[in-house]
Amino acid sequence: MQHDVQHFVDESAALHALATSLDARDFSRPTAFKAWTTDRILQHLHCWNTAVRLALADGAGFRSWYETTLPARVSGTLHLFERDQCQGLTGHALAAAWRDGVDDTARAFSAVDAKTRVPWAALDMSARSSVTARLMETWAHGQAIYDLMGRRRLDTDRIQGIAILGVNTFGWTFKNRGLPPPGPQPYVALTAPSGAAWTFGDPAAADRVAGDATAFCQVVTQTRNIADTSLSVTGPVAHAWMTIGQCFAGPPENPPQPGARRMA
C-alpha cells in the first residue's frame, strides 16, 4: 500500500506548493466550486485527514466523534464545524498545518495493513480504499484552487486510483439515487498522463467511455461537466452514467452545469 500512500502525499505536496504561492487575499476568494474559498477547501481537507487518523487508531472514538457532526450536517453548517476543528486557522498558517497533517496521516496509513477495515461516514472500507479516497478528495477539491488561480495542473499516473474508484462506483452512482443501473457496466478505455493505456471491463460491451484519464476523473469527481471534456461516450448506459457520475460518498450531488467550472 506504500505506493497508494505516496500518491496521497505527492498530490498533497503539489497542492501545497500552489497554496504557498498564493497572496493572503487569495485564500478568501470564492472558487467556482459552490463559492468555497481556498480557506474553506483546506479546512475541509485538514478536518477529514485528522478524522481518518482517528478512524485508523480508534474506530469507536471515530464513530463517537462523527456523531458530533450530525447537527452541523443537518443544519448545513458543516463548514463552520470544520473551521472550528481547524481552530479557525486561515491562509498560510492553515496551509502549513494541513501539510503537516498530511504527513501525520501518511504515517498512520503506513502503520496498518492494506486490508485493515477503517470505519467511515457511510460504511467501513479497507485502508487502501481509504487512502485512495483521501487522494481523490485532495485532487478533486484542489482542482477548484488551480482553476481560481488560472494554473494548469500537471497530472501524473497517480490519478489511476481515482480512475479505478470512478469505475468501481458505477453501480453505486445509481443506487445512491434510488435507481437501478440502467444496464451492464460500460467498457472504459483511458489514456493515462504518461500515455499508458488503462482499460476496465468487457471490451465487447456496446456501451463505452474512452479518452483522457484526467477528464474521466474530473467527471466522476464532478469537477467538470461531461460536455466540457473530450471524452467519447457511446451508448445510453454510458451516457446515463457520465451525466450523474459520482465517486465520492454522501447524498447524491449533481455535476456542475456545462461551462460552470473551468480554469480562470
# chains A, B, ... in the order shown; residues from 1 in each chain; ligands from 1
>>> residues_around(residues="region 203-210 of chain A", least_positions_apart="5", cutoff="10 Å", atoms="only C-alpha atoms", output="ChimeraX atom specification")
/A:183-191,198,215-216,230-239,241-242
>>> write_last_selection(atoms="C-alpha atoms", output="PDB file, in the first residue's frame")
ATOM      1  CA  GLY A 183     -27.671  -1.811 -17.924  1.00  0.00           C
ATOM      2  CA  PRO A 184     -24.327  -3.601 -17.807  1.00  0.00           C
ATOM      3  CA  GLN A 185     -21.276  -1.572 -16.821  1.00  0.00           C
ATOM      4  CA  PRO A 186     -19.707   0.186 -19.814  1.00  0.00           C
ATOM      5  CA  TYR A 187     -16.204  -0.570 -21.023  1.00  0.00           C
ATOM      6  CA  VAL A 188     -13.754   2.186 -20.095  1.00  0.00           C
ATOM      7  CA  ALA A 189     -10.569   2.859 -22.094  1.00  0.00           C
ATOM      8  CA  LEU A 190      -8.413   5.716 -20.853  1.00  0.00           C
ATOM      9  CA  THR A 191      -5.117   7.293 -21.813  1.00  0.00           C
ATOM     10  CA  TRP A 198      -5.852   1.886 -18.790  1.00  0.00           C
ATOM     11  CA  ALA A 215     -11.069  14.111 -17.982  1.00  0.00           C
ATOM     12  CA  PHE A 216     -12.667  10.878 -16.746  1.00  0.00           C
ATOM     13  CA  SER A 230     -13.270  15.497 -24.940  1.00  0.00           C
ATOM     14  CA  LEU A 231     -14.365  12.090 -23.647  1.00  0.00           C
ATOM     15  CA  SER A 232     -16.071   9.815 -26.160  1.00  0.00           C
ATOM     16  CA  VAL A 233     -19.265   8.344 -24.701  1.00  0.00           C
ATOM     17  CA  THR A 234     -21.103   5.595 -26.587  1.00  0.00           C
ATOM     18  CA  GLY A 235     -24.470   4.068 -25.674  1.00  0.00           C
ATOM     19  CA  PRO A 236     -27.376   5.033 -23.404  1.00  0.00           C
ATOM     20  CA  VAL A 237     -25.948   3.387 -20.276  1.00  0.00           C
ATOM     21  CA  ALA A 238     -22.637   5.196 -20.624  1.00  0.00           C
ATOM     22  CA  HIS A 239     -24.426   8.494 -21.230  1.00  0.00           C
ATOM     23  CA  TRP A 241     -23.591   7.244 -16.040  1.00  0.00           C
ATOM     24  CA  MET A 242     -21.490  10.162 -17.237  1.00  0.00           C
TER      25      MET A 242
END
>>> residues_around(residues="Asp104 (chain A)", least_positions_apart="2", cutoff="12 Å", atoms="only C-alpha atoms", output="ChimeraX atom specification")
/A:5,8-9,46,49-54,56,97-102,106-111
>>> select_by_dssp(residues="region 61-193 of chain A", states="strand (DSSP E or B)", output="PyMOL selection string")
chain A and resi 117-118+125-126+187-191
>>> select_by_dssp(residues="region 85-206 of chain A", states="alpha helix (DSSP H)", output="PyMOL selection string")
chain A and resi 85+91-110+127-149+160-168+170-175
>>> atom_distance(atom1="CA of Ala72 (chain A)", atom2="CA of Ala260 (chain A)")
27.4 Å
>>> closest_residue(among="A:Ala17, A:Ala249, A:Ile41, A:Ile164", to="Thr138 (chain A)", atoms="only C-alpha atoms")
A:Ile41
>>> closest_residue(among="A:Phe33, A:Leu94, A:Ala122, A:Lys115", to="Gln222 (chain A)", atoms="only C-alpha atoms")
A:Phe33
>>> residues_around(residues="Gly259 (chain A)", least_positions_apart="3", cutoff="9 Å", atoms="only C-alpha atoms", output="PyMOL selection string")
chain A and resi 224-225+227-228+256+262
>>> atom_distance(atom1="CA of Cys47 (chain A)", atom2="CA of Glu82 (chain A)")
5.8 Å
>>> closest_residue(among="A:Ala144, A:Ile244, A:Leu78, A:Leu154", to="Asn176 (chain A)", atoms="only C-alpha atoms")
A:Ile244
>>> closest_residue(among="A:Thr214, A:His3, A:Arg134, A:Leu80", to="Ser194 (chain A)", atoms="only C-alpha atoms")
A:Thr214
>>> closest_residue(among="A:Ala35, A:Met136, A:Val220, A:Ala192", to="Gly166 (chain A)", atoms="only C-alpha atoms")
A:Val220
>>> closest_residue(among="A:Tyr146, A:Pro251, A:Ala24, A:Val131", to="Gly178 (chain A)", atoms="only C-alpha atoms")
A:Pro251
>>> atom_distance(atom1="CA of Arg128 (chain A)", atom2="CA of Ala114 (chain A)")
4.9 Å
>>> decode(residues="region 116-138 of chain A", atoms="N, CA and C atoms", output="PDB file, in the first residue's frame")
ATOM      1  N   THR A 116      -6.865  -3.670   6.379  1.00  0.00           N
ATOM      2  CA  THR A 116      -7.472  -3.242   7.634  1.00  0.00           C
ATOM      3  C   THR A 116      -8.770  -2.487   7.363  1.00  0.00           C
ATOM      4  N   ARG A 117      -9.829  -2.839   8.085  1.00  0.00           N
ATOM      5  CA  ARG A 117     -11.106  -2.153   7.902  1.00  0.00           C
ATOM      6  C   ARG A 117     -11.102  -0.835   8.674  1.00  0.00           C
ATOM      7  N   VAL A 118     -11.503   0.215   7.981  1.00  0.00           N
ATOM      8  CA  VAL A 118     -11.483   1.558   8.548  1.00  0.00           C
ATOM      9  C   VAL A 118     -12.913   2.097   8.577  1.00  0.00           C
ATOM     10  N   PRO A 119     -13.439   2.440   9.751  1.00  0.00           N
ATOM     11  CA  PRO A 119     -14.798   2.993   9.796  1.00  0.00           C
ATOM     12  C   PRO A 119     -14.828   4.368   9.146  1.00  0.00           C
ATOM     13  N   TRP A 120     -15.945   4.668   8.477  1.00  0.00           N
ATOM     14  CA  TRP A 120     -16.090   5.987   7.855  1.00  0.00           C
ATOM     15  C   TRP A 120     -17.545   6.398   7.932  1.00  0.00           C
ATOM     16  N   ALA A 121     -17.882   7.490   7.277  1.00  0.00           N
ATOM     17  CA  ALA A 121     -19.200   8.097   7.439  1.00  0.00           C
ATOM     18  C   ALA A 121     -20.334   7.149   7.087  1.00  0.00           C
ATOM     19  N   ALA A 122     -20.278   6.583   5.891  1.00  0.00           N
ATOM     20  CA  ALA A 122     -21.397   5.760   5.432  1.00  0.00           C
ATOM     21  C   ALA A 122     -21.162   4.273   5.659  1.00  0.00           C
ATOM     22  N   LEU A 123     -19.923   3.832   5.507  1.00  0.00           N
ATOM     23  CA  LEU A 123     -19.623   2.414   5.617  1.00  0.00           C
ATOM     24  C   LEU A 123     -18.134   2.229   5.843  1.00  0.00           C
ATOM     25  N   ASP A 124     -17.774   1.059   6.358  1.00  0.00           N
ATOM     26  CA  ASP A 124     -16.359   0.751   6.532  1.00  0.00           C
ATOM     27  C   ASP A 124     -15.717   0.510   5.161  1.00  0.00           C
ATOM     28  N   MET A 125     -14.418   0.699   5.091  1.00  0.00           N
ATOM     29  CA  MET A 125     -13.683   0.417   3.864  1.00  0.00           C
ATOM     30  C   MET A 125     -12.293  -0.059   4.238  1.00  0.00           C
ATOM     31  N   SER A 126     -11.599  -0.634   3.268  1.00  0.00           N
ATOM     32  CA  SER A 126     -10.228  -1.067   3.530  1.00  0.00           C
ATOM     33  C   SER A 126      -9.325   0.150   3.655  1.00  0.00           C
ATOM     34  N   ALA A 127      -8.185  -0.041   4.306  1.00  0.00           N
ATOM     35  CA  ALA A 127      -7.225   1.060   4.435  1.00  0.00           C
ATOM     36  C   ALA A 127      -6.763   1.539   3.062  1.00  0.00           C
ATOM     37  N   ARG A 128      -6.580   0.605   2.125  1.00  0.00           N
ATOM     38  CA  ARG A 128      -6.173   1.008   0.765  1.00  0.00           C
ATOM     39  C   ARG A 128      -7.243   1.884   0.120  1.00  0.00           C
ATOM     40  N   SER A 129      -8.507   1.502   0.244  1.00  0.00           N
ATOM     41  CA  SER A 129      -9.579   2.328  -0.310  1.00  0.00           C
ATOM     42  C   SER A 129      -9.658   3.670   0.405  1.00  0.00           C
ATOM     43  N   SER A 130      -9.394   3.664   1.700  1.00  0.00           N
ATOM     44  CA  SER A 130      -9.471   4.887   2.486  1.00  0.00           C
ATOM     45  C   SER A 130      -8.411   5.894   2.049  1.00  0.00           C
ATOM     46  N   VAL A 131      -7.182   5.442   1.852  1.00  0.00           N
ATOM     47  CA  VAL A 131      -6.138   6.391   1.433  1.00  0.00           C
ATOM     48  C   VAL A 131      -6.380   6.855  -0.001  1.00  0.00           C
ATOM     49  N   THR A 132      -6.959   5.986  -0.830  1.00  0.00           N
ATOM     50  CA  THR A 132      -7.320   6.414  -2.185  1.00  0.00           C
ATOM     51  C   THR A 132      -8.409   7.472  -2.132  1.00  0.00           C
ATOM     52  N   ALA A 133      -9.338   7.328  -1.189  1.00  0.00           N
ATOM     53  CA  ALA A 133     -10.381   8.340  -1.023  1.00  0.00           C
ATOM     54  C   ALA A 133      -9.780   9.677  -0.600  1.00  0.00           C
ATOM     55  N   ARG A 134      -8.749   9.648   0.240  1.00  0.00           N
ATOM     56  CA  ARG A 134      -8.089  10.897   0.638  1.00  0.00           C
ATOM     57  C   ARG A 134      -7.362  11.518  -0.556  1.00  0.00           C
ATOM     58  N   LEU A 135      -6.746  10.688  -1.393  1.00  0.00           N
ATOM     59  CA  LEU A 135      -6.139  11.178  -2.634  1.00  0.00           C
ATOM     60  C   LEU A 135      -7.205  11.844  -3.501  1.00  0.00           C
ATOM     61  N   MET A 136      -8.330  11.150  -3.685  1.00  0.00           N
ATOM     62  CA  MET A 136      -9.397  11.664  -4.536  1.00  0.00           C
ATOM     63  C   MET A 136      -9.914  13.002  -4.015  1.00  0.00           C
ATOM     64  N   GLU A 137     -10.144  13.097  -2.712  1.00  0.00           N
ATOM     65  CA  GLU A 137     -10.649  14.341  -2.136  1.00  0.00           C
ATOM     66  C   GLU A 137      -9.656  15.483  -2.351  1.00  0.00           C
ATOM     67  N   THR A 138      -8.375  15.205  -2.141  1.00  0.00           N
ATOM     68  CA  THR A 138      -7.348  16.230  -2.308  1.00  0.00           C
ATOM     69  C   THR A 138      -7.287  16.691  -3.753  1.00  0.00           C
TER      70      THR A 138
END
